[in-house]
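Structure first, commentary second.
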Amino acid sequence: MASEEAANNCVAAQAHVEACQIAAAEETFQLILRLVRMVQSGMQSIDPSQGLSGSQLWALWQISAQPGLRVAELAKALHIQSSTASNLLDKLESRGLIQRERRDTDNRVVRIYLTNAAIDVVSDIPGPMQGRLRHQLREVPAPILKGLLQGLASILDDMENQSAPRAAPS
C-alpha cells in the first residue's frame with residue numbers, strides 16, 4: 001500500500017515538473033518574441049529617406065563594428081551565403097557606401113571598409129542596431145550569460161539539425 005502511494009506521489013511530482021517545464025518554455029518563447037519585436041521595431045524606425053534596406057543597414061553596421069571584414073566574415077555575421085553578401089556589397093559599393101581593398105601580400109583577400117558617407121548613415125542608425133542589445137548583454141552577470149549562450153546555441157543547433165535535408169536511404 002505504501003509503495004503504491006509512493007508511486008502515485010512520484011507520478012504526480014513528475015506531472016508537476018513537466019507542467020512547470022512547459023510553462024517555463026512558453027514564457028521563454030514569449031520573451032524571445034518580445035525581444036525580436038523590439039529589434040524589428042528599431043529597424044522599422046529607421047529613416048526610409050536613406051533608401052537602404054534593413055539588410056543593407058545591418059551590413060553597414062557590421063562593417064562599422066569590424067572595419068576590414070572579409071566577405072565570408074560578413075556573410076557569417078549576417079547569417080547569409082557569401083554570394084548573397086557579395087550582391088549586397090555590390091549595391092552598397094555602387095552607392096558609394098563601402099570600398100573594397102586588397103591589402104594582403106597575395107592580393108586575393110578583399111577587405112571591406114565604410115566610406116565617409118556610410119559612416120554618417122551608420123551614426124544615424126537608432127536603437128537595437130546601434131548596440132543596445134549588445135550593451136545589455138554585456139551587463140548580464142557572467143553565469144547567467146553563459147547559461148543563455150549555451151541554451152540558445154543548443155536550441156539553434158537542434159533546430160538547424162531538424163531542418164537540414166536528410167540523406168535518402170541507400
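Letters for chains follow the order of the C-alpha cells (A, B, ...), residue numbers begin at 1 for each chain, and ligand numbers begin at 1 in the order shown.
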Contacts of segment 11-96 of chain A with segment 102-117 of chain A up to 10 Å, shortest pair per row, only C-alpha atoms, as a tab-separated table:
```
residue	atom	partner	partner_atom	distance
A:Leu60	CA	A:Leu114	CA	7.3
A:Trp61	CA	A:Leu114	CA	9.5
A:Ile63	CA	A:Tyr113	CA	6.5
A:Ser64	CA	A:Leu114	CA	6.7
A:Gln66	CA	A:Tyr113	CA	8.7
A:Pro67	CA	A:Tyr113	CA	5.4
A:Gly68	CA	A:Arg111	CA	4.7
A:Leu69	CA	A:Arg111	CA	5.3
A:Arg70	CA	A:Arg111	CA	4.8
A:Val71	CA	A:Arg111	CA	7.3
A:Ala72	CA	A:Val110	CA	9.9
A:Glu73	CA	A:Arg111	CA	9.8
A:Leu74	CA	A:Ile112	CA	9.0
A:Leu89	CA	A:Ile112	CA	8.8
A:Leu92	CA	A:Leu114	CA	9.5
A:Glu93	CA	A:Thr115	CA	9.3
A:Arg95	CA	A:Ala117	CA	9.4
A:Gly96	CA	A:Thr115	CA	6.9
```
Inset, instruction - Pick out each residue of chain A that DSSP on the backbone tags as strand (DSSP E or B); I need them as a VMD selection string. - result: chain A and resid 69 to 70 98 to 102 110 to 114
Could you write those residues out with C-alpha atoms, as a PDB file, in the first residue's frame?
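Written output follows (part.pdb):
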```pdb
ATOM      1  CA  LEU A  69      35.935  42.394 -42.619  1.00  0.00           C
ATOM      2  CA  ARG A  70      36.256  39.850 -45.385  1.00  0.00           C
ATOM      3  CA  ILE A  98      31.661  50.868 -48.965  1.00  0.00           C
ATOM      4  CA  GLN A  99      35.027  50.306 -50.536  1.00  0.00           C
ATOM      5  CA  ARG A 100      36.784  47.016 -51.076  1.00  0.00           C
ATOM      6  CA  GLU A 101      40.532  46.919 -50.643  1.00  0.00           C
ATOM      7  CA  ARG A 102      43.195  44.336 -51.293  1.00  0.00           C
ATOM      8  CA  VAL A 110      39.364  41.587 -50.128  1.00  0.00           C
ATOM      9  CA  ARG A 111      38.646  43.669 -47.037  1.00  0.00           C
ATOM     10  CA  ILE A 112      35.579  45.882 -46.685  1.00  0.00           C
ATOM     11  CA  TYR A 113      35.556  49.411 -45.275  1.00  0.00           C
ATOM     12  CA  LEU A 114      32.927  52.124 -44.920  1.00  0.00           C
TER      13      LEU A 114
END
```
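Atom CA of Asp157 of chain A is found 24.0 Å from atom CA of Gln136 of chain A.
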Inset, instruction - Quick one: everything within 9 Å of Leu78 of chain A, counting only C-alpha atoms, minus sequence neighbours fewer than 5 positions away in the same chain. Send it as a PyMOL selection string. - result: chain A and resi 55+58-59+62+73+85
Inset, instruction - List every residue of chain A that DSSP, applied to the backbone of this structure, assigns to alpha helix (DSSP H), and report them as a VMD selection string. - result: chain A and resid 2 to 44 54 to 65 71 to 78 82 to 94 116 to 123 132 to 139 142 to 163
Inset, instruction - Take atom CA of Val122 of chain A and atom CA of Ser82 of chain A and report the distance between them in Å, one decimal. - result: 22.3 Å
Inset, instruction - Please indicate the distance in Å from atom CA of Leu148 of chain A to atom CA of Thr84 of chain A, rounded to one decimal place. - result: 29.6 Å
